[in-house]
Amino acid sequence: MRRSVSICAAASIYLSLATVRGVAAEPNAVPQTSALEIRVVFDNTSARPDLRRSWGFSAVVDFRGRRILCDAGSDPVLLLEHLDLIQIDPKSIEHAVISHQHGDHLRGVYWVFEKNPNMSVHFLDCFPEEPFRRAAAVNMKPHRVTGPFEVVPGIYSTSIIDGCPPEQSLAIETSQGLVMLVGCSHPGVVKLVETAQMQRTKVRFVCCSETFT
Ligand SMILES: [Zn+2]
Ligand SMILES: [Zn+2]
């Protein structure tokens, strides 16, 4: 695994969003504007001293008044602590999309779900049985992703992209073009981008947690 310039992109979004948060009227409300906001809430690096770094990735995406969680980090307690610090109520999250089966992207989702049992959770159909067993233990019935789908208007899952392990990525249709949010990129970031472009349109920006090539 190697980190590339793309992780800097995630960090810069984080910083700018930390600034935006300071002027929000209602911290827990999902912004109704058409602007895309991606807040990294769990990462191997931290841009704020009050947010601890830990292995894995999680980001909250706000788009056109809808809120989704992309991945859920490796440490559930820390993830919930960070959501609280950033003033994101788990109950305001409509969907959780888990990019792939690794624990550093998956582990926190059960805890967020326990805070918000109305949240829809999207696992790849090809995940091993263990994540589904853990889901059943908290009465979560994950959607088993088998094909591309629209998570909320304007945000799409690419569905299963072959790799070791396979992944799904998010493609967000903004007025500036397609923005992608990807997990570890085990299938290779080029393959992820090519798939999204084949399914939708030209990719303008990729926000990566880690990058395999
Ligand atoms: Zn990872
Ligand atoms: Zn991984």
# chains A, B, ... in the order shown; residues from 1 in each chain; ligands from 1
$ residues_around --residues "His122 (chain A)" --least-positions-apart "2" --cutoff "7 Å" --atoms "only C-alpha atoms" --output "PyMOL selection string"
chain A and resi 96-98+120+124+142-145
$ write_last_selection --atoms "N, CA and C atoms" --output "JSON list (two decimals), in the first residue's frame"
[["chain", "number", "residue", "atom", "x", "y", "z"],
["A", 96, "ALA", "N", -25.63, 4.29, 5.32],
["A", 96, "ALA", "CA", -24.20, 4.02, 5.48],
["A", 96, "ALA", "C", -23.77, 3.09, 4.35],
["A", 97, "VAL", "N", -22.80, 3.53, 3.59],
["A", 97, "VAL", "CA", -22.28, 2.72, 2.49],
["A", 97, "VAL", "C", -20.89, 2.27, 2.87],
["A", 98, "ILE", "N", -20.68, 0.95, 2.95],
["A", 98, "ILE", "CA", -19.38, 0.42, 3.36],
["A", 98, "ILE", "C", -18.63, -0.04, 2.11],
["A", 120, "SER", "N", -30.22, 3.03, 6.74],
["A", 120, "SER", "CA", -30.04, 1.93, 5.78],
["A", 120, "SER", "C", -28.55, 1.68, 5.59],
["A", 124, "LEU", "N", -21.60, -4.97, 0.40],
["A", 124, "LEU", "CA", -21.50, -5.72, -0.86],
["A", 124, "LEU", "C", -22.01, -7.15, -0.62],
["A", 142, "PRO", "N", -28.70, -5.47, 6.40],
["A", 142, "PRO", "CA", -28.03, -4.69, 5.36],
["A", 142, "PRO", "C", -28.57, -5.01, 3.97],
["A", 143, "HIS", "N", -28.63, -3.97, 3.14],
["A", 143, "HIS", "CA", -28.92, -4.17, 1.72],
["A", 143, "HIS", "C", -27.70, -4.83, 1.11],
["A", 144, "ARG", "N", -27.89, -5.94, 0.42],
["A", 144, "ARG", "CA", -26.77, -6.65, -0.21],
["A", 144, "ARG", "C", -26.61, -6.10, -1.61],
["A", 145, "VAL", "N", -25.57, -5.31, -1.82],
["A", 145, "VAL", "CA", -25.38, -4.62, -3.10],
["A", 145, "VAL", "C", -24.90, -5.61, -4.16]]
$ residues_around --residues "Pro131 (chain A)" --least-positions-apart "5" --cutoff "9 Å" --atoms "only C-alpha atoms" --output "NGL selection string"
:A and (101 or 106-107 or 123 or 136)
$ residues_around --residues "Asp162 (chain A)" --least-positions-apart "3" --cutoff "12 Å" --atoms "only C-alpha atoms" --output "list in words"
His100, Leu124, Cys126, Thr158, Ser159, Pro165, Pro166, Glu167, Gln168, Ser169, Ser185, His186, Pro187, Gly188, Val189, Lys191, Leu192 and Thr195 of chain A
$ write_last_selection --atoms "N, CA and C atoms" --output "compact mmCIF listing (two decimals), in the first residue's frame"
# COMPACT_ATOMS: atom_id res chain seq x y z
N HIS A 100 -15.78 -1.67 1.55
CA HIS A 100 -15.29 -3.05 1.44
C HIS A 100 -15.22 -3.67 2.82
N LEU A 124 -21.60 -4.97 0.40
CA LEU A 124 -21.50 -5.72 -0.86
C LEU A 124 -22.01 -7.15 -0.62
N CYS A 126 -20.87 -9.69 -1.78
CA CYS A 126 -19.74 -10.62 -1.71
C CYS A 126 -18.96 -10.52 -0.39
N THR A 158 -21.08 2.48 -7.24
CA THR A 158 -20.63 1.80 -8.46
C THR A 158 -20.95 0.31 -8.41
N SER A 159 -21.35 -0.17 -7.22
CA SER A 159 -21.51 -1.61 -6.97
C SER A 159 -20.13 -2.28 -6.95
N PRO A 165 -9.68 -7.11 -1.52
CA PRO A 165 -11.03 -7.56 -1.84
C PRO A 165 -11.74 -6.59 -2.80
N PRO A 166 -12.93 -6.99 -3.29
CA PRO A 166 -13.72 -6.08 -4.13
C PRO A 166 -14.19 -4.86 -3.34
N GLU A 167 -14.53 -3.80 -4.06
CA GLU A 167 -15.00 -2.56 -3.40
C GLU A 167 -16.16 -1.95 -4.17
N GLN A 168 -16.92 -1.12 -3.45
CA GLN A 168 -17.83 -0.18 -4.11
C GLN A 168 -17.33 1.22 -3.81
N SER A 169 -17.56 2.13 -4.74
CA SER A 169 -17.18 3.53 -4.53
C SER A 169 -18.44 4.38 -4.67
N SER A 185 -9.27 1.54 -2.17
CA SER A 185 -8.96 1.38 -3.61
C SER A 185 -8.19 0.09 -3.88
N HIS A 186 -8.58 -1.00 -3.23
CA HIS A 186 -7.90 -2.28 -3.49
C HIS A 186 -7.95 -2.68 -4.96
N PRO A 187 -9.04 -2.44 -5.67
CA PRO A 187 -9.04 -2.81 -7.10
C PRO A 187 -8.12 -1.90 -7.94
N GLY A 188 -7.60 -0.83 -7.33
CA GLY A 188 -6.78 0.15 -8.06
C GLY A 188 -7.65 1.37 -8.36
N VAL A 189 -7.14 2.54 -8.04
CA VAL A 189 -7.97 3.74 -8.18
C VAL A 189 -8.32 4.01 -9.64
N LYS A 191 -9.00 1.78 -11.92
CA LYS A 191 -10.14 0.92 -12.26
C LYS A 191 -11.44 1.48 -11.66
N LEU A 192 -11.35 2.02 -10.44
CA LEU A 192 -12.55 2.60 -9.81
C LEU A 192 -13.05 3.79 -10.63
N THR A 195 -14.51 2.73 -14.00
CA THR A 195 -15.86 2.14 -13.84
C THR A 195 -16.90 3.23 -13.67
$ select_by_dssp --residues "region 17-213 of chain A" --states "alpha helix (DSSP H)" --output "PyMOL selection string"
chain A and resi 17-21+76-85+103-106+109-115+129-137+189-199
$ closest_atom_pairs --of "chain A" --to "ligand 1" --cutoff "10 Å" --atoms "only C-alpha atoms and all ligand atoms" --output "tab-separated table"
residue	atom	partner	partner_atom_place_in_ligand_line	distance
A:Met1	CA	ligand 1	1 (Zn)	9.6
A:Asp43	CA	ligand 1	1 (Zn)	9.3
A:Asn44	CA	ligand 1	1 (Zn)	9.3
A:Trp55	CA	ligand 1	1 (Zn)	7.6
A:Gly56	CA	ligand 1	1 (Zn)	5.1
A:Phe57	CA	ligand 1	1 (Zn)	6.5
A:Ser58	CA	ligand 1	1 (Zn)	9.7
A:Asp71	CA	ligand 1	1 (Zn)	9.4
A:Gly73	CA	ligand 1	1 (Zn)	8.4
A:Ser74	CA	ligand 1	1 (Zn)	9.1
A:Ser99	CA	ligand 1	1 (Zn)	9.4
A:His100	CA	ligand 1	1 (Zn)	8.6
A:Gln101	CA	ligand 1	1 (Zn)	9.5
A:His102	CA	ligand 1	1 (Zn)	6.7
A:Gly103	CA	ligand 1	1 (Zn)	8.0
A:Asp104	CA	ligand 1	1 (Zn)	5.6
A:His105	CA	ligand 1	1 (Zn)	6.0
A:Leu106	CA	ligand 1	1 (Zn)	9.4
A:Val182	CA	ligand 1	1 (Zn)	10.0
A:Gly183	CA	ligand 1	1 (Zn)	6.3
A:Cys184	CA	ligand 1	1 (Zn)	4.5
A:Ser185	CA	ligand 1	1 (Zn)	8.3
A:His186	CA	ligand 1	1 (Zn)	8.7
A:Cys208	CA	ligand 1	1 (Zn)	9.9
A:Ser209	CA	ligand 1	1 (Zn)	6.9
A:Glu210	CA	ligand 1	1 (Zn)	6.2
A:Thr211	CA	ligand 1	1 (Zn)	8.9
A:Phe212	CA	ligand 1	1 (Zn)	9.9
$ residues_around --residues "region 86-94 of chain A" --least-positions-apart "6" --cutoff "7 Å" --atoms "only C-alpha atoms" --output "NGL selection string"
:A and (27-28 or 67-69 or 112 or 115-116 or 119-120)
$ atom_distance --atom1 "CA of Leu51 (chain A)" --atom2 "CA of Leu79 (chain A)"
9.7 Å
$ atom_distance --atom1 "CA of Val109 (chain A)" --atom2 "CA of Glu37 (chain A)"
20.4 Å
$ select_by_dssp --residues "region 46-205 of chain A" --states "strand (DSSP E)" --output "compact mmCIF listing (two decimals) with C-alpha atoms, in the first residue's frame"
# COMPACT_ATOMS: atom_id res chain seq x y z
CA SER A 58 -14.99 7.34 7.63
CA ALA A 59 -16.59 10.40 6.07
CA VAL A 60 -19.97 12.10 6.31
CA VAL A 61 -21.36 13.35 3.00
CA ASP A 62 -23.99 16.09 2.88
CA PHE A 63 -25.57 16.71 -0.51
CA ARG A 66 -29.37 14.35 2.39
CA ARG A 67 -26.69 12.84 4.64
CA ILE A 68 -24.81 9.57 4.23
CA LEU A 69 -21.91 7.89 5.96
CA CYS A 70 -19.16 6.45 3.79
CA HIS A 95 -27.53 5.68 4.76
CA ALA A 96 -24.20 4.02 5.48
CA VAL A 97 -22.28 2.72 2.49
CA SER A 120 -30.04 1.93 5.78
CA VAL A 121 -26.76 0.05 5.52
CA HIS A 122 -25.26 -1.13 2.24
CA PHE A 123 -22.84 -4.08 2.26
CA LEU A 124 -21.50 -5.72 -0.86
CA HIS A 143 -28.92 -4.17 1.72
CA ARG A 144 -26.77 -6.65 -0.21
CA VAL A 145 -25.38 -4.62 -3.10
CA PHE A 149 -27.76 1.98 -7.48
CA GLU A 150 -28.70 5.53 -6.50
CA VAL A 151 -28.22 5.88 -2.74
CA VAL A 152 -29.93 9.29 -2.59
CA ILE A 155 -25.17 9.94 -5.18
CA TYR A 156 -24.51 6.56 -6.76
CA SER A 157 -22.76 3.36 -5.75
CA LEU A 170 -19.47 6.55 -4.34
CA ALA A 171 -19.95 8.78 -7.35
CA ILE A 172 -21.58 12.16 -6.68
CA GLU A 173 -23.01 14.19 -9.55
CA THR A 174 -22.27 17.84 -8.82
CA GLY A 177 -18.78 17.17 -12.59
CA LEU A 178 -18.49 13.78 -10.92
CA VAL A 179 -16.82 13.60 -7.49
CA MET A 180 -15.73 10.19 -6.28
CA LEU A 181 -15.30 9.04 -2.71
CA VAL A 182 -13.37 5.79 -2.45
CA VAL A 203 -14.73 12.20 -13.02
CA ARG A 204 -13.47 15.62 -11.90
CA PHE A 205 -12.21 14.87 -8.40
$ closest_residue --among "A:Glu194, A:Phe127, A:Asn118, A:Phe42" --to "Cys164 (chain A)" --atoms "only C-alpha atoms"
A:Phe127
$ atom_distance --atom1 "CA of Met198 (chain A)" --atom2 "CA of Pro128 (chain A)"
27.6 Å
$ decode --residues "region 184-195 of chain A" --atoms "N, CA and C atoms" --output "PDB file, in the first residue's frame"
ATOM      1  N   CYS A 184     -10.207   2.000   0.342  1.00  0.00           N
ATOM      2  CA  CYS A 184      -8.780   1.681   0.192  1.00  0.00           C
ATOM      3  C   CYS A 184      -8.336   1.661  -1.269  1.00  0.00           C
ATOM      4  N   SER A 185      -9.269   1.540  -2.172  1.00  0.00           N
ATOM      5  CA  SER A 185      -8.962   1.376  -3.608  1.00  0.00           C
ATOM      6  C   SER A 185      -8.189   0.088  -3.877  1.00  0.00           C
ATOM      7  N   HIS A 186      -8.576  -1.001  -3.227  1.00  0.00           N
ATOM      8  CA  HIS A 186      -7.898  -2.277  -3.489  1.00  0.00           C
ATOM      9  C   HIS A 186      -7.951  -2.684  -4.960  1.00  0.00           C
ATOM     10  N   PRO A 187      -9.044  -2.438  -5.675  1.00  0.00           N
ATOM     11  CA  PRO A 187      -9.035  -2.806  -7.096  1.00  0.00           C
ATOM     12  C   PRO A 187      -8.115  -1.900  -7.936  1.00  0.00           C
ATOM     13  N   GLY A 188      -7.597  -0.832  -7.334  1.00  0.00           N
ATOM     14  CA  GLY A 188      -6.783   0.155  -8.057  1.00  0.00           C
ATOM     15  C   GLY A 188      -7.648   1.366  -8.360  1.00  0.00           C
ATOM     16  N   VAL A 189      -7.136   2.540  -8.038  1.00  0.00           N
ATOM     17  CA  VAL A 189      -7.969   3.743  -8.178  1.00  0.00           C
ATOM     18  C   VAL A 189      -8.320   4.011  -9.640  1.00  0.00           C
ATOM     19  N   VAL A 190      -7.443   3.615 -10.553  1.00  0.00           N
ATOM     20  CA  VAL A 190      -7.719   3.833 -11.983  1.00  0.00           C
ATOM     21  C   VAL A 190      -8.954   3.020 -12.400  1.00  0.00           C
ATOM     22  N   LYS A 191      -8.998   1.783 -11.923  1.00  0.00           N
ATOM     23  CA  LYS A 191     -10.137   0.918 -12.256  1.00  0.00           C
ATOM     24  C   LYS A 191     -11.440   1.481 -11.664  1.00  0.00           C
ATOM     25  N   LEU A 192     -11.351   2.018 -10.444  1.00  0.00           N
ATOM     26  CA  LEU A 192     -12.546   2.601  -9.811  1.00  0.00           C
ATOM     27  C   LEU A 192     -13.046   3.793 -10.631  1.00  0.00           C
ATOM     28  N   VAL A 193     -12.112   4.652 -11.020  1.00  0.00           N
ATOM     29  CA  VAL A 193     -12.487   5.853 -11.780  1.00  0.00           C
ATOM     30  C   VAL A 193     -13.037   5.453 -13.155  1.00  0.00           C
ATOM     31  N   GLU A 194     -12.374   4.514 -13.811  1.00  0.00           N
ATOM     32  CA  GLU A 194     -12.840   4.078 -15.138  1.00  0.00           C
ATOM     33  C   GLU A 194     -14.253   3.501 -15.064  1.00  0.00           C
ATOM     34  N   THR A 195     -14.514   2.733 -14.004  1.00  0.00           N
ATOM     35  CA  THR A 195     -15.858   2.140 -13.843  1.00  0.00           C
ATOM     36  C   THR A 195     -16.904   3.228 -13.666  1.00  0.00           C
TER      37      THR A 195
END
